[in-house]
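*Asks:* Input: one structure, supplied below.
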Amino acid sequence: MLNIKKAALMLALTLSGQTAFANQTETLFDTERARHIPVTITAADSKCTIKTKCPVAFIGAGYGMAHTDYQFAQQAFHQNGYLTVEVAHELKGDPSLNPEPPYMTTRMENWHRGVQTLEFLAVELAKRYPAYDFNQLTLFGHSNGGDIAALYAAIYPAKVSKLITLDHRRMLIPRNKNIAVLTLRGCDYPADDNVLLTPQELAVYPVTQIKLKDSRHNDMYDGGPKALVARMSKELNAFLSRY
């Protein structure tokens with residue numbers, strides 16, 4: 001009897017456009033690329049419906065980091081009504097990230113692979129979760145994950161409403177008045193030329209660039225200093241409240 005009631009509830013929620021789960025980890029398969037994509041999906045508010053869709057955030061890790069290493073960000077998104085998709089971009093057997101410049105050339109293969117993954121997920125998950133808006137994505141990424149997110153925003157600008165990066169250093173931030181950007185910067189490494197906006201550009205585009213005092217590039221995740229994690233969480237929440 002309990003299983004029947006549970007099945008009926010899930011069916012009712014599906015028909016209403018609501019999700020019937022809180023958190024799930026799974027591996028999706030992209031048949032065109034024969035690629036397995038591990039993800040962790042966390043639902044937003046149950047008030048989300050097909051008519052009143054809730055926002056979606058994709059979370060991408062820095063190179064060599066786990067895609068679940070940014071729970072401070074996942075929690076901020078969740079508290080602001082987002083469905084979150086934590087995405088594992090780097091798989092066993094993938095080519096190593098090229099250490100040689102010019103990075104806009106040598107790392108483009110890695111970034112494009114990540115962009116293809118994000119686009120596959122946007123299309124597939126939109127079918128599964130119709131109560132969430134996969135056509136106005138918020139992209140979050142640390143380091144190389146931020147480079148991937150920035151490239152996706154450049155290729156699919158109409159599908160991105162917000163871009164948030166933690167000290168990404170290679171891919172240019174899109175200059176687009178329809179995409180709100182927050183980039184939190186570390187203190188130990190500079191960004192490449194033209195990645196960040198000039199003061200003149202900042203006056204034109206909805207971009208917020210914040211340098212975090214005494215912060216290190218490799219500490220910008222859950223395992224970093226508590227004060228740094230708290231500051232990143234604060235800035236993220238403020239940004240989400242503003243846009």
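In the structure tokens, chains take the letters A, B, ... in the order shown, each chain's residues start at 1, and ligands count up from 1 in the order shown.
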As a PyMOL selection string, please: the residues near A:Tyr189 (cut-off 10 Å, only C-alpha atoms, same-chain neighbours under 4 positions excluded).

*Replies:* chain A and resi 167+169+185+216-217

*Asks:* Which residues are close to A:Asp214, i.e. within 12 Å by only C-alpha atoms, leaving aside same-chain residues fewer than 3 positions away? Reply as a list in words.

*Replies:*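 Here the qualifying residues turn out to be Arg185, Gly186, Cys187, Asp188, Tyr189, Lys211, His217, Asp219, Met220, Gly224, Pro225, Ala227, Leu228 and Arg231 of chain A.
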
*Asks:* For A:Gln79, please output as a tab-separated table (two decimals) with N, CA, C and O atoms, in the first residue's frame all residues within 12 Å (counting only C-alpha atoms; exclusion window: fewer than 5 positions along the same chain).

*Replies:*
chain	number	residue	atom	x	y	z
A	42	THR	N	20.03	18.64	-7.29
A	42	THR	CA	19.29	18.99	-6.08
A	42	THR	C	18.11	19.86	-6.46
A	42	THR	O	18.28	20.88	-7.14
A	43	ALA	N	16.93	19.45	-6.02
A	43	ALA	CA	15.70	20.14	-6.41
A	43	ALA	C	15.56	21.47	-5.69
A	43	ALA	O	16.12	21.68	-4.61
A	44	ALA	N	14.77	22.33	-6.27
A	44	ALA	CA	14.43	23.61	-5.67
A	44	ALA	C	13.09	23.51	-4.97
A	44	ALA	O	12.61	22.43	-4.64
A	45	ASP	N	12.46	24.66	-4.75
A	45	ASP	CA	11.18	24.74	-4.05
A	45	ASP	C	10.10	23.93	-4.76
A	45	ASP	O	10.01	23.94	-5.99
A	55	PRO	N	14.55	28.77	-11.43
A	55	PRO	CA	15.83	28.85	-12.14
A	55	PRO	C	16.71	27.62	-11.94
A	55	PRO	O	16.50	26.82	-11.03
A	71	GLN	N	29.81	22.90	-2.03
A	71	GLN	CA	28.51	22.86	-1.36
A	71	GLN	C	28.09	24.22	-0.84
A	71	GLN	O	26.89	24.50	-0.71
A	72	PHE	N	29.03	25.10	-0.56
A	72	PHE	CA	28.65	26.45	-0.13
A	72	PHE	C	27.88	27.15	-1.25
A	72	PHE	O	26.92	27.88	-0.99
A	73	ALA	N	28.28	26.90	-2.49
A	73	ALA	CA	27.57	27.49	-3.63
A	73	ALA	C	26.25	26.79	-3.86
A	73	ALA	O	25.22	27.44	-4.09
A	74	GLN	N	26.27	25.46	-3.79
A	74	GLN	CA	25.03	24.70	-3.98
A	74	GLN	C	23.98	25.15	-2.98
A	74	GLN	O	22.81	25.34	-3.32
A	84	THR	N	19.93	22.80	-8.77
A	84	THR	CA	21.36	22.80	-9.06
A	84	THR	C	21.77	21.48	-9.70
A	84	THR	O	21.27	20.41	-9.35
A	233	SER	N	30.43	32.84	-0.04
A	233	SER	CA	29.00	32.58	0.13
A	233	SER	C	28.23	33.89	0.25
A	233	SER	O	27.16	34.06	-0.36
A	236	LEU	N	28.09	35.61	-3.17
A	236	LEU	CA	27.20	34.88	-4.06
A	236	LEU	C	25.74	35.17	-3.73
A	236	LEU	O	24.92	35.44	-4.62
A	237	ASN	N	25.40	35.13	-2.45
A	237	ASN	CA	24.03	35.42	-2.04
A	237	ASN	C	23.62	36.85	-2.39
A	237	ASN	O	22.49	37.09	-2.83
A	240	LEU	N	22.94	36.96	-6.14
A	240	LEU	CA	21.68	36.29	-6.49
A	240	LEU	C	20.48	37.12	-6.05
A	240	LEU	O	19.42	37.08	-6.69
A	241	SER	N	20.61	37.85	-4.97
A	241	SER	CA	19.53	38.70	-4.50
A	241	SER	C	19.34	39.92	-5.40
A	241	SER	O	18.24	40.46	-5.53

*Asks:* For the alpha helix (DSSP H) assignment from backbone DSSP, which residues of stretch 22-93 of chain A qualify? Please present them as a list in words.

*Replies:*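 Result set for stretch 22-93 of chain A (alpha helix (DSSP H)): Gln71, Phe72, Ala73, Gln74, Gln75, Ala76, Phe77, His78 and Gln79 of chain A.
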
*Asks:* Please produce a file of the residues just selected, as an mmCIF file, in the first residue's frame, where the atoms kept are C-alpha atoms.

*Replies:*
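Output contents, as saved in result_11.cif:
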data_model
loop_
_atom_site.group_PDB
_atom_site.id
_atom_site.type_symbol
_atom_site.label_atom_id
_atom_site.label_comp_id
_atom_site.auth_asym_id
_atom_site.auth_seq_id
_atom_site.Cartn_x
_atom_site.Cartn_y
_atom_site.Cartn_z
ATOM 1 C CA GLN A 71 28.513 22.857 -1.364
ATOM 2 C CA PHE A 72 28.650 26.451 -0.127
ATOM 3 C CA ALA A 73 27.571 27.491 -3.626
ATOM 4 C CA GLN A 74 25.027 24.704 -3.982
ATOM 5 C CA GLN A 75 23.438 25.777 -0.693
ATOM 6 C CA ALA A 76 23.324 29.430 -1.763
ATOM 7 C CA PHE A 77 21.589 28.510 -4.990
ATOM 8 C CA HIS A 78 19.180 26.181 -3.202
ATOM 9 C CA GLN A 79 18.267 28.878 -0.682
#

*Asks:* Please identify all polymer residues within 9 Å of A:Leu166, counting only C-alpha atoms, omitting same-chain residues fewer than 2 positions from it, and present them as a PyMOL selection string.

*Replies:* chain A and resi 62+140-143+145-146+164+168+182-186+217+220-221+232

*Asks:* Mind writing the picked residues with all heavy atoms as a tab-separated table (two decimals), in the first residue's frame?

*Replies:*
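Saved result, result34.tsv, follows:
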chain	number	residue	atom	x	y	z
A	62	GLY	N	36.93	23.24	-10.46
A	62	GLY	CA	38.26	23.50	-10.97
A	62	GLY	C	38.91	22.19	-11.40
A	62	GLY	O	38.52	21.11	-10.95
A	140	PHE	N	28.01	28.45	-12.97
A	140	PHE	CA	28.98	28.69	-11.89
A	140	PHE	C	30.18	27.79	-12.14
A	140	PHE	O	30.02	26.59	-12.40
A	140	PHE	CB	28.34	28.35	-10.54
A	140	PHE	CG	29.28	28.40	-9.36
A	140	PHE	CD1	29.33	29.52	-8.54
A	140	PHE	CD2	30.12	27.32	-9.06
A	140	PHE	CE1	30.19	29.56	-7.45
A	140	PHE	CE2	30.98	27.36	-7.98
A	140	PHE	CZ	31.02	28.48	-7.17
A	141	GLY	N	31.38	28.36	-12.05
A	141	GLY	CA	32.57	27.53	-12.24
A	141	GLY	C	33.80	28.10	-11.56
A	141	GLY	O	33.99	29.32	-11.52
A	142	HIS	N	34.62	27.21	-11.06
A	142	HIS	CA	35.90	27.58	-10.43
A	142	HIS	C	37.02	27.27	-11.42
A	142	HIS	O	37.06	26.19	-12.00
A	142	HIS	CB	36.09	26.77	-9.14
A	142	HIS	CG	37.43	26.96	-8.49
A	142	HIS	ND1	38.02	25.97	-7.74
A	142	HIS	CD2	38.29	28.01	-8.47
A	142	HIS	CE1	39.18	26.39	-7.28
A	142	HIS	NE2	39.37	27.64	-7.70
A	143	SER	N	37.92	28.23	-11.61
A	143	SER	CA	39.12	28.01	-12.41
A	143	SER	C	38.76	27.49	-13.80
A	143	SER	O	38.03	28.16	-14.54
A	143	SER	CB	40.06	27.05	-11.67
A	143	SER	OG	41.32	26.99	-12.29
A	145	GLY	N	36.69	25.27	-14.61
A	145	GLY	CA	35.23	25.18	-14.70
A	145	GLY	C	34.62	26.52	-15.05
A	145	GLY	O	33.58	26.59	-15.72
A	146	GLY	N	35.24	27.60	-14.60
A	146	GLY	CA	34.79	28.93	-14.96
A	146	GLY	C	35.10	29.26	-16.41
A	146	GLY	O	34.32	29.95	-17.08
A	164	ILE	N	28.85	33.09	-13.02
A	164	ILE	CA	29.58	33.30	-11.77
A	164	ILE	C	30.85	32.46	-11.82
A	164	ILE	O	30.79	31.25	-12.02
A	164	ILE	CB	28.72	32.88	-10.56
A	164	ILE	CG1	27.41	33.69	-10.53
A	164	ILE	CG2	29.49	33.06	-9.26
A	164	ILE	CD1	26.32	33.05	-9.69
A	168	HIS	N	38.55	32.20	-12.47
A	168	HIS	CA	38.91	31.65	-13.78
A	168	HIS	C	39.87	32.65	-14.40
A	168	HIS	O	39.79	33.86	-14.18
A	168	HIS	CB	37.66	31.42	-14.64
A	168	HIS	CG	37.24	32.61	-15.42
A	168	HIS	ND1	36.64	33.72	-14.83
A	168	HIS	CD2	37.34	32.90	-16.75
A	168	HIS	CE1	36.39	34.62	-15.76
A	168	HIS	NE2	36.80	34.16	-16.93
A	182	LEU	N	29.31	37.75	-12.07
A	182	LEU	CA	30.07	37.93	-10.84
A	182	LEU	C	31.33	37.10	-10.95
A	182	LEU	O	31.25	35.90	-11.22
A	182	LEU	CB	29.27	37.48	-9.62
A	182	LEU	CG	30.06	37.41	-8.30
A	182	LEU	CD1	30.49	38.80	-7.84
A	182	LEU	CD2	29.25	36.71	-7.20
A	183	THR	N	32.48	37.71	-10.78
A	183	THR	CA	33.72	36.95	-10.73
A	183	THR	C	34.49	37.33	-9.48
A	183	THR	O	34.78	38.51	-9.24
A	183	THR	CB	34.57	37.14	-12.01
A	183	THR	OG1	35.73	36.31	-11.94
A	183	THR	CG2	34.96	38.59	-12.24
A	184	LEU	N	34.77	36.33	-8.66
A	184	LEU	CA	35.53	36.52	-7.42
A	184	LEU	C	36.98	36.15	-7.69
A	184	LEU	O	37.27	35.04	-8.16
A	184	LEU	CB	34.94	35.65	-6.30
A	184	LEU	CG	33.46	35.89	-5.98
A	184	LEU	CD1	33.00	34.97	-4.86
A	184	LEU	CD2	33.21	37.36	-5.61
A	185	ARG	N	37.87	37.08	-7.39
A	185	ARG	CA	39.26	36.92	-7.80
A	185	ARG	C	40.17	36.61	-6.63
A	185	ARG	O	40.06	37.21	-5.56
A	185	ARG	CB	39.75	38.22	-8.48
A	185	ARG	CG	38.83	38.82	-9.52
A	185	ARG	CD	38.44	37.84	-10.59
A	185	ARG	NE	39.62	37.26	-11.25
A	185	ARG	CZ	39.54	36.26	-12.13
A	185	ARG	NH1	38.36	35.72	-12.43
A	185	ARG	NH2	40.64	35.80	-12.68
A	186	GLY	N	41.10	35.67	-6.85
A	186	GLY	CA	42.13	35.38	-5.87
A	186	GLY	C	43.26	36.38	-5.97
A	186	GLY	O	43.28	37.24	-6.86
A	217	HIS	N	44.03	30.96	-5.09
A	217	HIS	CA	43.27	30.30	-6.15
A	217	HIS	C	42.81	28.89	-5.75
A	217	HIS	O	41.64	28.54	-5.94
A	217	HIS	CB	44.16	30.22	-7.41
A	217	HIS	CG	43.54	29.55	-8.58
A	217	HIS	ND1	42.73	30.21	-9.47
A	217	HIS	CD2	43.61	28.26	-9.00
A	217	HIS	CE1	42.34	29.36	-10.41
A	217	HIS	NE2	42.85	28.17	-10.15
A	220	MET	N	39.68	28.18	-3.13
A	220	MET	CA	38.33	28.70	-3.39
A	220	MET	C	37.34	27.55	-3.62
A	220	MET	O	36.75	27.40	-4.68
A	220	MET	CB	38.37	29.68	-4.55
A	220	MET	CG	39.31	30.86	-4.28
A	220	MET	SD	39.47	32.06	-5.63
A	220	MET	CE	38.00	33.03	-5.39
A	221	TYR	N	37.19	26.75	-2.55
A	221	TYR	CA	36.24	25.64	-2.55
A	221	TYR	C	35.90	25.33	-1.10
A	221	TYR	O	36.36	26.02	-0.19
A	221	TYR	CB	36.82	24.43	-3.28
A	221	TYR	CG	37.87	23.66	-2.50
A	221	TYR	CD1	37.63	22.36	-2.08
A	221	TYR	CD2	39.10	24.22	-2.17
A	221	TYR	CE1	38.58	21.64	-1.36
A	221	TYR	CE2	40.05	23.53	-1.46
A	221	TYR	CZ	39.79	22.23	-1.06
A	221	TYR	OH	40.73	21.53	-0.34
A	232	MET	N	32.89	34.12	0.18
A	232	MET	CA	32.38	33.74	-1.14
A	232	MET	C	30.88	33.49	-1.08
A	232	MET	O	30.14	33.91	-1.98
A	232	MET	CB	33.13	32.50	-1.65
A	232	MET	CG	34.58	32.74	-1.99
A	232	MET	SD	35.36	31.36	-2.86
A	232	MET	CE	35.33	30.08	-1.58

*Asks:* Please provide the set of residues having any atom within 8 Å of A:Leu172, restricted to only C-alpha atoms, with same-chain residues fewer than 5 positions apart removed, written as a PyMOL selection string.

*Replies:* chain A and resi 147+150-151+194-196

*Asks:* My list of candidates is A:Ala154, A:Leu97, A:Ile41, A:Leu212. Which is closest to A:Met171 when distances are computed with only C-alpha atoms?

*Replies:*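 For A:Met171, the nearest of the candidates is A:Ala154.
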
*Asks:* Could you pull the residues within 9 Å of A:Tyr103, counting only C-alpha atoms, minus those fewer than 5 positions along the same chain, as a PyMOL selection string?

*Replies:* chain A and resi 98+108+170-171

*Asks:* Residues as selected, N, CA and C atoms, written as an mmCIF file, in the first residue's frame, can you do that?

*Replies:*
data_model
loop_
_atom_site.group_PDB
_atom_site.id
_atom_site.type_symbol
_atom_site.label_atom_id
_atom_site.label_comp_id
_atom_site.auth_asym_id
_atom_site.auth_seq_id
_atom_site.Cartn_x
_atom_site.Cartn_y
_atom_site.Cartn_z
ATOM 1 N N ASN A 98 46.059 20.992 -21.127
ATOM 2 C CA ASN A 98 47.318 21.431 -21.718
ATOM 3 C C ASN A 98 47.948 22.545 -20.885
ATOM 4 N N MET A 108 41.270 24.884 -25.759
ATOM 5 C CA MET A 108 39.942 24.997 -26.359
ATOM 6 C C MET A 108 39.265 23.632 -26.498
ATOM 7 N N ARG A 170 41.511 32.260 -17.903
ATOM 8 C CA ARG A 170 41.911 32.135 -19.302
ATOM 9 C C ARG A 170 40.868 32.627 -20.309
ATOM 10 N N MET A 171 39.619 32.218 -20.146
ATOM 11 C CA MET A 171 38.567 32.551 -21.106
ATOM 12 C C MET A 171 37.977 33.920 -20.794
#
